[in-house]
Structures are given as structure tokens and as C-alpha cells.
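Data from query33.pdb: PDB, C-alpha atoms
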ATOM      1  CA  MET A 455     124.833 112.689  71.937
ATOM      2  CA  ASN A 456     126.954 110.324  74.043
ATOM      3  CA  LYS A 457     127.152 106.644  73.210
ATOM      4  CA  LEU A 458     125.564 104.159  75.547
ATOM      5  CA  THR A 459     127.731 101.715  77.478
ATOM      6  CA  ILE A 460     127.258  98.962  80.020
ATOM      7  CA  LYS A 461     128.413 100.302  83.352
ATOM      8  CA  ARG A 462     127.846  97.315  85.621
ATOM      9  CA  TYR A 463     126.180  93.927  85.477
ATOM     10  CA  CYS A 464     125.177  91.224  87.906
ATOM     11  CA  HIS A 465     124.059  87.646  87.626
ATOM     12  CA  ILE A 466     122.222  85.712  90.328
ATOM     13  CA  LYS A 467     121.684  81.979  89.989
ATOM     14  CA  ASN A 468     122.392  78.707  91.834
ATOM     15  CA  ASN A 469     122.385  80.570  95.181
ATOM     16  CA  ARG A 470     125.286  82.779  94.062
ATOM     17  CA  ILE A 471     125.641  86.457  93.212
ATOM     18  CA  TYR A 472     128.199  87.591  90.641
ATOM     19  CA  VAL A 473     128.967  91.262  90.043
ATOM     20  CA  ASP A 474     130.934  92.222  86.940
ATOM     21  CA  GLY A 475     131.793  88.546  86.542
ATOM     22  CA  GLU A 476     133.201  88.154  90.071
ATOM     23  CA  LEU A 477     131.593  86.067  92.810
ATOM     24  CA  MET A 478     130.232  88.415  95.458
ATOM     25  CA  TYR A 479     128.091  86.143  97.640
ATOM     26  CA  ALA A 480     127.348  82.430  97.914
ATOM     27  CA  TYR A 481     124.637  80.795  99.994
ATOM     28  CA  LYS A 482     125.849  77.306 100.819
ATOM     29  CA  LYS A 483     122.572  75.658 101.810
ATOM     30  CA  ALA A 484     120.678  73.850  99.050
ATOM     31  CA  GLU A 485     117.431  75.685  99.662
ATOM     32  CA  GLY A 486     115.129  77.555  97.291
ATOM     33  CA  LEU A 487     114.724  81.204  96.379
ATOM     34  CA  ARG A 488     112.833  82.162  99.537
ATOM     35  CA  ALA A 489     115.682  81.119 101.858
ATOM     36  CA  PHE A 490     118.357  82.434  99.523
ATOM     37  CA  ALA A 491     116.662  85.849  99.248
ATOM     38  CA  LYS A 492     116.396  86.092 103.030
ATOM     39  CA  SER A 493     120.082  85.262 103.442
ATOM     40  CA  VAL A 494     121.076  87.902 100.864
ATOM     41  CA  TYR A 495     118.891  90.480 102.630
ATOM     42  CA  ARG A 496     120.654  89.707 105.926
ATOM     43  CA  TYR A 497     124.000  90.033 104.132
ATOM     44  CA  LEU A 498     123.238  93.324 102.367
ATOM     45  CA  LYS A 499     121.298  94.825 105.312
ATOM     46  CA  PRO A 500     119.284  97.338 103.274
ATOM     47  CA  SER A 501     116.935  98.067 106.241
ATOM     48  CA  TYR A 502     113.868  98.037 104.024
ATOM     49  CA  ASN A 503     110.952  96.293 105.762
ATOM     50  CA  ARG A 504     108.840  96.427 102.621
ATOM     51  CA  PHE A 505     111.120  93.666 101.279
ATOM     52  CA  PHE A 506     109.395  91.058 103.446
ATOM     53  CA  LYS A 507     106.019  91.847 101.921
ATOM     54  CA  MET A 508     107.202  91.150  98.367
ATOM     55  CA  ASP A 509     106.673  87.909  96.491
ATOM     56  CA  GLU A 510     109.737  85.789  95.724
ATOM     57  CA  ILE A 511     110.404  87.076  92.213
ATOM     58  CA  SER A 512     110.104  90.707  93.316
ATOM     59  CA  LYS A 513     112.595  89.945  96.085
ATOM     60  CA  LEU A 514     114.956  88.539  93.449
ATOM     61  CA  GLY A 515     114.630  91.644  91.268
ATOM     62  CA  PHE A 516     114.930  93.928  94.296
ATOM     63  CA  LEU A 517     118.146  92.239  95.480
ATOM     64  CA  ALA A 518     119.692  92.286  92.000
ATOM     65  CA  ALA A 519     118.985  96.027  91.865
ATOM     66  CA  GLU A 520     120.426  96.546  95.358
ATOM     67  CA  VAL A 521     123.700  94.928  94.312
ATOM     68  CA  LEU A 522     123.801  96.537  90.892
ATOM     69  CA  LEU A 523     122.884 100.090  91.849
ATOM     70  CA  SER A 524     125.053 100.520  94.941
ATOM     71  CA  ASP A 525     127.379 102.898  93.055
ATOM     72  CA  PHE A 526     124.950 104.047  90.378
ATOM     73  CA  GLY A 527     125.219 107.750  91.142
ATOM     74  CA  LYS A 528     121.480 108.399  91.063
ATOM     75  CA  SER A 529     121.958 112.015  92.137
ATOM     76  CA  THR A 530     123.427 112.812  88.697
ATOM     77  CA  TYR A 531     120.091 111.973  87.019
ATOM     78  CA  TYR A 532     116.583 113.356  87.249
ATOM     79  CA  ASP A 533     114.096 110.715  88.449
ATOM     80  CA  GLU A 534     112.464 110.755  85.003
ATOM     81  CA  ASP A 535     115.775 110.019  83.253
ATOM     82  CA  VAL A 536     116.130 106.429  84.446
ATOM     83  CA  SER A 537     114.088 103.661  82.794
ATOM     84  CA  ILE A 538     113.739  99.965  83.570
ATOM     85  CA  ILE A 539     113.332  97.298  80.881
ATOM     86  CA  LEU A 540     113.073  93.750  82.193
ATOM     87  CA  SER A 541     111.961  90.399  80.817
ATOM     88  CA  ASN A 542     111.322  86.761  81.671
ATOM     89  CA  SER A 543     109.596  83.619  80.446
ATOM     90  CA  HIS A 544     107.396  82.698  83.415
ATOM     91  CA  SER A 545     105.820  86.064  84.266
ATOM     92  CA  THR A 546     104.690  85.681  87.927
ATOM     93  CA  LEU A 547     103.598  82.060  87.561
ATOM     94  CA  ILE A 548     104.699  80.935  91.038
ATOM     95  CA  THR A 549     102.785  83.781  92.697
ATOM     96  CA  ASP A 550      99.807  83.186  90.394
ATOM     97  CA  GLN A 551      99.714  79.575  91.585
ATOM     98  CA  GLU A 552      99.919  80.683  95.208
ATOM     99  CA  HIS A 553      96.953  82.982  94.628
ATOM    100  CA  GLN A 554      95.040  80.221  92.827
ATOM    101  CA  LEU A 555      95.330  77.954  95.876
ATOM    102  CA  THR A 556      93.459  80.536  97.960
ATOM    103  CA  VAL A 557      90.487  80.607  95.590
ATOM    104  CA  ASP A 558      90.248  76.949  94.500
ATOM    105  CA  ASP A 559      88.056  75.813  97.378
ATOM    106  CA  TYR A 560      84.630  77.467  97.436
ATOM    107  CA  ASP A 561      84.195  76.593 101.134
ATOM    108  CA  ASN A 562      87.583  78.029 102.060
ATOM    109  CA  PHE A 563      87.671  81.062  99.774
ATOM    110  CA  PHE A 564      90.087  83.578 101.300
ATOM    111  CA  PRO A 565      92.177  85.265  98.578
ATOM    112  CA  SER A 566      95.079  87.157 100.106
ATOM    113  CA  PRO A 567      95.261  90.797  98.925
ATOM    114  CA  SER A 568      99.003  90.896  99.582
ATOM    115  CA  VAL A 569      99.567  87.864  97.338
ATOM    116  CA  PHE A 570      97.170  89.063  94.644
ATOM    117  CA  VAL A 571      98.905  92.437  94.201
ATOM    118  CA  TYR A 572     102.066  90.656  93.030
ATOM    119  CA  THR A 573     100.396  88.654  90.253
ATOM    120  CA  LEU A 574     101.909  90.895  87.554
ATOM    121  CA  PRO A 575     105.638  91.041  86.705
ATOM    122  CA  ASN A 576     105.702  94.812  86.280
ATOM    123  CA  ILE A 577     104.986  95.098  90.021
ATOM    124  CA  MET A 578     108.645  94.088  90.438
ATOM    125  CA  ILE A 579     109.629  97.099  88.341
ATOM    126  CA  GLY A 580     107.417  99.197  90.606
ATOM    127  CA  GLU A 581     109.213  97.912  93.704
ATOM    128  CA  ILE A 582     112.623  98.752  92.212
ATOM    129  CA  SER A 583     111.357 102.160  91.090
ATOM    130  CA  ILE A 584     109.995 102.985  94.546
ATOM    131  CA  ARG A 585     113.247 101.959  96.201
ATOM    132  CA  HIS A 586     115.524 103.910  93.819
ATOM    133  CA  LYS A 587     113.137 106.748  92.916
ATOM    134  CA  PHE A 588     113.102 105.993  89.192
ATOM    135  CA  LYS A 589     110.254 107.607  87.274
ATOM    136  CA  GLY A 590     111.260 106.944  83.668
ATOM    137  CA  GLU A 591     109.736 104.473  81.224
ATOM    138  CA  ASN A 592     109.184 100.897  82.318
ATOM    139  CA  THR A 593     108.478  97.778  80.311
ATOM    140  CA  PHE A 594     108.341  94.089  81.129
ATOM    141  CA  PHE A 595     108.595  91.658  78.200
ATOM    142  CA  ILE A 596     107.493  88.025  78.406
ATOM    143  CA  VAL A 597     109.670  86.000  76.006
ATOM    144  CA  GLU A 598     110.790  82.382  75.804
ATOM    145  CA  ASN A 599     114.499  83.031  76.479
ATOM    146  CA  PHE A 600     116.682  85.991  77.371
ATOM    147  CA  ASN A 601     116.663  88.129  74.240
ATOM    148  CA  ALA A 602     119.510  90.663  74.267
ATOM    149  CA  GLU A 603     118.433  92.165  70.951
ATOM    150  CA  LEU A 604     114.910  92.928  72.128
ATOM    151  CA  ILE A 605     116.090  94.793  75.224
ATOM    152  CA  THR A 606     118.956  96.541  73.435
ATOM    153  CA  ASN A 607     116.664  97.820  70.685
ATOM    154  CA  HIS A 608     114.143  99.079  73.213
ATOM    155  CA  ILE A 609     116.799 100.877  75.254
ATOM    156  CA  ASN A 610     118.354 102.407  72.130
ATOM    157  CA  SER A 611     114.940 103.613  71.010
ATOM    158  CA  LEU A 612     114.258 105.302  74.364
ATOM    159  CA  PHE A 613     117.721 106.861  74.315
ATOM    160  CA  LEU A 614     117.517 108.153  70.723
ATOM    161  CA  THR A 615     114.104 109.683  71.360
ATOM    162  CA  GLN A 616     115.556 111.297  74.504
ATOM    163  CA  LYS A 617     113.073 109.628  76.830
ATOM    164  CA  SER A 618     115.835 108.521  79.201
ATOM    165  CA  LYS A 619     119.551 108.858  79.884
ATOM    166  CA  ALA A 620     120.208 105.728  81.951
ATOM    167  CA  PHE A 621     118.639 102.278  81.976
ATOM    168  CA  VAL A 622     118.342  99.102  83.962
ATOM    169  CA  GLY A 623     117.913  96.107  81.678
ATOM    170  CA  GLY A 624     117.714  92.418  82.285
ATOM    171  CA  TRP A 625     116.081  89.059  82.826
ATOM    172  CA  ILE A 626     114.457  88.095  86.143
ATOM    173  CA  ASN A 627     112.849  84.679  86.037
ATOM    174  CA  GLN A 628     111.424  82.176  88.485
ATOM    175  CA  SER A 629     110.081  78.778  87.480
ATOM    176  CA  GLU A 630     108.948  75.872  89.665
ATOM    177  CA  SER A 631     112.458  74.413  89.688
ATOM    178  CA  ASP A 632     114.816  77.347  89.214
ATOM    179  CA  TYR A 633     115.426  81.083  89.307
ATOM    180  CA  GLU A 634     117.794  83.509  87.614
ATOM    181  CA  ALA A 635     118.475  87.241  87.585
ATOM    182  CA  PHE A 636     120.688  88.948  85.048
ATOM    183  CA  MET A 637     120.598  92.714  85.363
ATOM    184  CA  TYR A 638     122.767  95.496  83.969
ATOM    185  CA  VAL A 639     123.074  99.264  84.026
ATOM    186  CA  VAL A 640     123.281 101.138  80.738
ATOM    187  CA  SER A 641     124.550 104.712  80.794
ATOM    188  CA  ALA A 642     127.081 106.984  79.112
ATOM    189  CA  ASP A 643     129.849 106.452  81.674
ATOM    190  CA  GLY A 644     130.575 102.716  81.450
ATOM    191  CA  SER A 645     133.392 100.843  79.743
ATOM    192  CA  ILE A 646     131.680  97.999  77.878
ATOM    193  CA  PRO A 647     130.013  98.815  74.531
ATOM    194  CA  HIS A 648     126.227  98.545  74.681
ATOM    195  CA  ASN A 649     125.319  96.093  71.949
ATOM    196  CA  THR A 650     123.694  92.685  71.545
ATOM    197  CA  ILE A 651     126.969  90.798  71.179
ATOM    198  CA  GLU A 652     128.431  92.172  74.424
ATOM    199  CA  ILE A 653     125.233  91.665  76.408
ATOM    200  CA  SER A 654     124.917  88.074  75.169
ATOM    201  CA  ARG A 655     128.572  87.485  76.062
ATOM    202  CA  LEU A 656     128.100  88.829  79.604
ATOM    203  CA  TYR A 657     124.948  86.773  80.057
ATOM    204  CA  LYS A 658     126.787  83.588  79.077
ATOM    205  CA  LEU A 659     129.759  84.233  81.393
ATOM    206  CA  ILE A 660     127.956  82.500  84.256
ATOM    207  CA  SER A 661     126.519  79.168  83.191
TER     208      SER A 661
ATOM    209  CA  MET B 329      91.352  89.693 126.659
ATOM    210  CA  GLU B 330      95.140  89.477 127.245
ATOM    211  CA  GLU B 331      95.216  86.010 125.681
ATOM    212  CA  LEU B 332      93.362  87.253 122.609
ATOM    213  CA  ILE B 333      95.713  90.238 122.272
ATOM    214  CA  GLU B 334      98.776  87.962 122.348
ATOM    215  CA  LYS B 335      97.189  85.618 119.783
ATOM    216  CA  LEU B 336      96.396  88.568 117.521
ATOM    217  CA  LYS B 337      99.985  89.806 117.691
ATOM    218  CA  VAL B 338     101.269  86.413 116.482
ATOM    219  CA  GLN B 339      98.622  86.192 113.737
ATOM    220  CA  ILE B 340      99.302  89.722 112.487
ATOM    221  CA  ILE B 341     103.063  89.177 112.380
ATOM    222  CA  GLU B 342     102.523  86.000 110.356
ATOM    223  CA  GLN B 343      99.753  87.296 108.071
ATOM    224  CA  LEU B 344     101.473  90.592 107.291
ATOM    225  CA  ASN B 345     104.997  89.130 106.963
ATOM    226  CA  LEU B 346     106.450  91.391 109.675
ATOM    227  CA  GLU B 347     109.580  89.236 109.679
ATOM    228  CA  ASP B 348     111.820  91.307 111.902
ATOM    229  CA  MET B 349     109.182  91.718 114.590
ATOM    230  CA  GLU B 350     108.389  89.726 117.728
ATOM    231  CA  PRO B 351     105.051  89.859 119.616
ATOM    232  CA  GLU B 352     106.708  91.686 122.512
ATOM    233  CA  ASP B 353     107.817  94.446 120.090
ATOM    234  CA  ILE B 354     104.192  95.442 119.521
ATOM    235  CA  ASP B 355     102.424  97.703 121.992
ATOM    236  CA  ALA B 356      98.758  96.634 122.010
ATOM    237  CA  GLU B 357      97.622 100.260 122.209
ATOM    238  CA  GLU B 358     100.024 101.585 119.569
ATOM    239  CA  SER B 359      98.586 102.831 116.259
ATOM    240  CA  LEU B 360      98.876 100.139 113.568
ATOM    241  CA  PHE B 361      98.928 102.572 110.648
ATOM    242  CA  GLY B 362     100.856 105.779 109.985
ATOM    243  CA  GLU B 363     103.584 106.476 112.474
ATOM    244  CA  GLY B 364     102.884 103.426 114.646
ATOM    245  CA  LEU B 365     103.538 100.030 113.095
ATOM    246  CA  GLY B 366     103.547 101.603 109.622
ATOM    247  CA  LEU B 367     101.004  99.293 107.994
ATOM    248  CA  ASP B 368      99.600 100.201 104.565
ATOM    249  CA  SER B 369      96.300  99.826 102.684
ATOM    250  CA  ILE B 370      97.069  96.264 101.527
ATOM    251  CA  ASP B 371      97.747  95.335 105.150
ATOM    252  CA  ALA B 372      94.324  96.749 106.038
ATOM    253  CA  LEU B 373      92.748  94.373 103.511
ATOM    254  CA  GLU B 374      94.732  91.481 104.984
ATOM    255  CA  LEU B 375      93.383  92.350 108.439
ATOM    256  CA  ILE B 376      89.823  92.223 107.076
ATOM    257  CA  VAL B 377      90.539  88.756 105.620
ATOM    258  CA  LEU B 378      92.136  87.643 108.921
ATOM    259  CA  LEU B 379      89.041  88.639 110.925
ATOM    260  CA  GLU B 380      86.774  86.724 108.558
ATOM    261  CA  LYS B 381      88.993  83.653 108.205
ATOM    262  CA  GLU B 382      90.107  83.210 111.813
ATOM    263  CA  TYR B 383      87.175  84.670 113.756
ATOM    264  CA  GLY B 384      84.251  84.422 111.329
ATOM    265  CA  ILE B 385      83.584  88.148 111.564
ATOM    266  CA  LYS B 386      82.673  90.184 108.509
ATOM    267  CA  ILE B 387      82.999  93.934 108.682
ATOM    268  CA  GLN B 388      79.628  95.166 107.481
ATOM    269  CA  ASN B 389      80.427  98.864 107.365
ATOM    270  CA  PRO B 390      83.836  99.691 105.795
ATOM    271  CA  LYS B 391      83.713 103.126 107.461
ATOM    272  CA  GLU B 392      84.155 101.369 110.809
ATOM    273  CA  GLY B 393      87.547 100.001 109.674
ATOM    274  CA  GLN B 394      89.585 102.985 110.803
ATOM    275  CA  LYS B 395      88.212 102.674 114.341
ATOM    276  CA  ILE B 396      88.382  98.865 114.519
ATOM    277  CA  PHE B 397      91.930  98.616 113.173
ATOM    278  CA  PHE B 398      93.373 101.479 115.163
ATOM    279  CA  SER B 399      95.390  99.123 117.395
ATOM    280  CA  ILE B 400      95.653  95.476 118.441
ATOM    281  CA  LYS B 401      93.561  96.351 121.500
ATOM    282  CA  THR B 402      90.710  97.858 119.440
ATOM    283  CA  ILE B 403      90.698  94.790 117.172
ATOM    284  CA  ALA B 404      90.545  92.492 120.221
ATOM    285  CA  GLU B 405      87.636  94.518 121.655
ATOM    286  CA  PHE B 406      85.811  94.321 118.326
ATOM    287  CA  ILE B 407      86.294  90.537 118.196
ATOM    288  CA  LYS B 408      84.990  90.136 121.768
ATOM    289  CA  GLU B 409      81.907  92.191 120.937
ATOM    290  CA  ASN B 410      81.123  90.451 117.677
ATOM    291  CA  GLN B 411      82.235  86.828 117.924
ATOM    292  CA  LYS B 412      79.271  84.429 118.218
TER     293      LYS B 412
END
So, in terms of C-alpha cells, how does the structure I just supplied come out?
Amino acid sequence: MNKLTIKRYCHIKNNRIYVDGELMYAYKKAEGLRAFAKSVYRYLKPSYNRFFKMDEISKLGFLAAEVLLSDFGKSTYYDEDVSIILSNSHSTLITDQEHQLTVDDYDNFFPSPSVFVYTLPNIMIGEISIRHKFKGENTFFIVENFNAELITNHINSLFLTQKSKAFVGGWINQSESDYEAFMYVVSADGSIPHNTIEISRLYKLIS
Amino acid sequence: MEELIEKLKVQIIEQLNLEDMEPEDIDAEESLFGEGLGLDSIDALELIVLLEKEYGIKIQNPKEGQKIFFSIKTIAEFIKENQK
């Protein structure tokens, strides 16, 4: 059995996108995630109208995947052979709050179905899976901080039990004041060893 | 009726987050679902909420939905018939 490696990684924070440690895109206006995501969409031009229906954190995960998977080589895998393991600390709190506002007032009670459907973080995994036709395992962990060991162990377990051959791992978080996406591809054809030390090192490259 | 149709186009673009679309891009008689505007089942629920919130109209029989939401024009006709 081949050894797993990290093939590519990206980090999105402070209105900047880094791919394999290099700055790929910077949005110069000091605006929040909504405006930043829109500017990245215009830059990448994925022609995917469903993007505009997503909540902000799903847009962040979607865009990280767009950048990361541009040279993934999906055709070399069966749909069932690619799994997604993501994590964050705030689940979908911002979207949950948006939904709450629509149901707080009994006399103005109009919950929005399109907001409500995004009040679970694994919906983001669903959006990425639909876009890239991934049908493998998917898991979303809620943990206090990015935990490289947790994700690495889970990926190794899926690989050793032959559930999947390639993986997307990472941390996609949105709080009231900040956002961050760190996402990486794990497969047999990369150059960086897949272990906790390397993943922690890559995560800390962009502070 | 024309005024209501134009208002509906703006409301639908806003409510359904059709960001790349302008009112003039929508043909009032074009099918909203399937091959037309390509709306989905969640959009259909949003349209039900829009009718209730903006026009005070509740759809009593869900089976009527397919006919009412066929196009912007059919929605406008339904509003005209049912608004008090």
C-alpha cells in the first residue's frame, strides 16, 4: 500500500489566499467575508450560480476547494475514493444567528428556508462534494482549535481500512470577528509527508 | 399588472440571491423551474415565504404550487386574484 502524502495546501485568512505557501490573491478592501468571497468568485470565475445561494462559511469552504483542487486529477479516482474531513470551532454560528433573527419576533415570523438549510457545518462538505463529485466518507469535527492529530488519525484510519484513496482535510471557521480556511489534499502522489508535525508546520506558515 | 411583474422580478432576484441577474434578464412568461430560470425546491419554499411576507397570501393547497409558480406572470396573476 502506498504511503500518504500532502499534495497541495491552501490557507485563506485576512482577505488573502495562499497556495503552497505562496500568495495567490489579495483583496485590498477592509471588508468582511461576504465581500471577500464575492471578489474571489469574480477572480476565479467558476461559473457556478449555486455559489450565490450558499451561506458565508460554505462560500469560504467552496472557494478553498476551488483553489486547492484545480489540478487534483479527479478523473484518476472513483467518486467513492475521495473523502472530506473538515473541522472548526464555531460550527455555523453566524448562519444560526441569521436564522434566529427571522424567528425571534412572533409577529414577524418568517424563517427563510434558504438560510435554515445551511445551519449545519456538514452542508459545506455537501456543497464541495456536489461541485467535485466526491462520494466518499465525510466528517465534520467541532473542536476548540485546529487539531492536526485528530484529522490525521481519521484520514489514516480511512486509508488503512481502504475506505478511500484521497482526502481533503482542513479547518474552515467563521466567527463574529474573523474567518479562516486551511485546507489540504492528501493522496499518494504528493511530496510532503502526511503526519501531524508537517500539517501543524504548514498551518503555522501563515500567521 | 406590468408594475407588479417588475416588482416581483426585483423581489425574486433579491430573495433568491440571483446575483448575476438583472430584472430585464427575466422573461415574465419563462418557466422558473427546470430549464427556465433553474430554480430548485428550496427556492420554491422561499417563494411561498415571499408571497406570505410581502403580499399576505398563504397558499392553502400545496398542489397548486406548480401552477402558481410556473412563471413570474402566473405568480402576478395569482397575487391579483388573491390579494385583499
Exercise for review: Would you give me, as JSON, numbers by chain, the residues of chain A that come within 7 Å of chain B, using only C-alpha atoms?
Suggested key: {"A": [506, 507, 564, 566, 567, 568]}
Practice item. Write out as an MDAnalysis selection string which residues come within 8 Å of Ala635 (chain A) when counting only C-alpha atoms, dropping same-chain ones fewer than 2 positions away. Key: chainID A and resid 464:467 514:515 518 624:627 633 637
Exercise for review: Could you tell me which of A:Phe636, A:Tyr572, A:Phe490, A:Phe588 comes closest to Asp533 (chain A) if we count all atoms listed in the file?
Suggested key: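 Among the listed residues, the smallest separation from Asp533 (chain A) belongs to A:Phe588.
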Exercise for review: Please provide the set of residues having any atom within 6 Å of Ala642 (chain A), restricted to only C-alpha atoms, with same-chain residues fewer than 3 positions apart removed, written as a ChimeraX atom specification.
Suggested key: /A:457-459
Just-selected residues, C-alpha atoms written as a PDB file, keeping the file's coordinate frame:
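The file below, result-v6.pdb, is the result:
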ATOM      1  CA  LYS A 457     127.152 106.644  73.210  1.00  0.00           C
ATOM      2  CA  LEU A 458     125.564 104.159  75.547  1.00  0.00           C
ATOM      3  CA  THR A 459     127.731 101.715  77.478  1.00  0.00           C
TER       4      THR A 459
END
Exercise for review: Can you work out which one of A:Arg470, A:Lys513, A:His544, A:Lys461 has the shortest atom-to-atom distance to Ser629 (chain A), counting all atoms listed in the file?
Suggested key: A:His544
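Proximity ranking of A:Val521, A:Gly486, A:Ile646, A:Ser512 relative to Glu630 (chain A) places A:Gly486 first, based on all atoms listed in the file.
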Practice item. Record the distance separating CA of Tyr531 (chain A) and CA of Ile582 (chain A), expressed in Å with one decimal. Key: 16.0 Å
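You will find CA of His586 (chain A) at 13.2 Å from CA of Val639 (chain A).
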Practice item. Could you check which of B:Ala356, B:Leu365, B:Leu379, B:Ile396 is closest to Met329 (chain B), using all atoms listed in the file? Key: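 Once distances to Met329 (chain B) are computed over all atoms listed in the file, the minimum belongs to B:Ala356.
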Practice item. Please provide the set of residues having any atom within 7 Å of Pro351 (chain B), restricted to all atoms listed in the file, with same-chain residues fewer than 3 positions apart removed, written as a list in words. Key: Lys337, Val338 and Ile354 of chain B
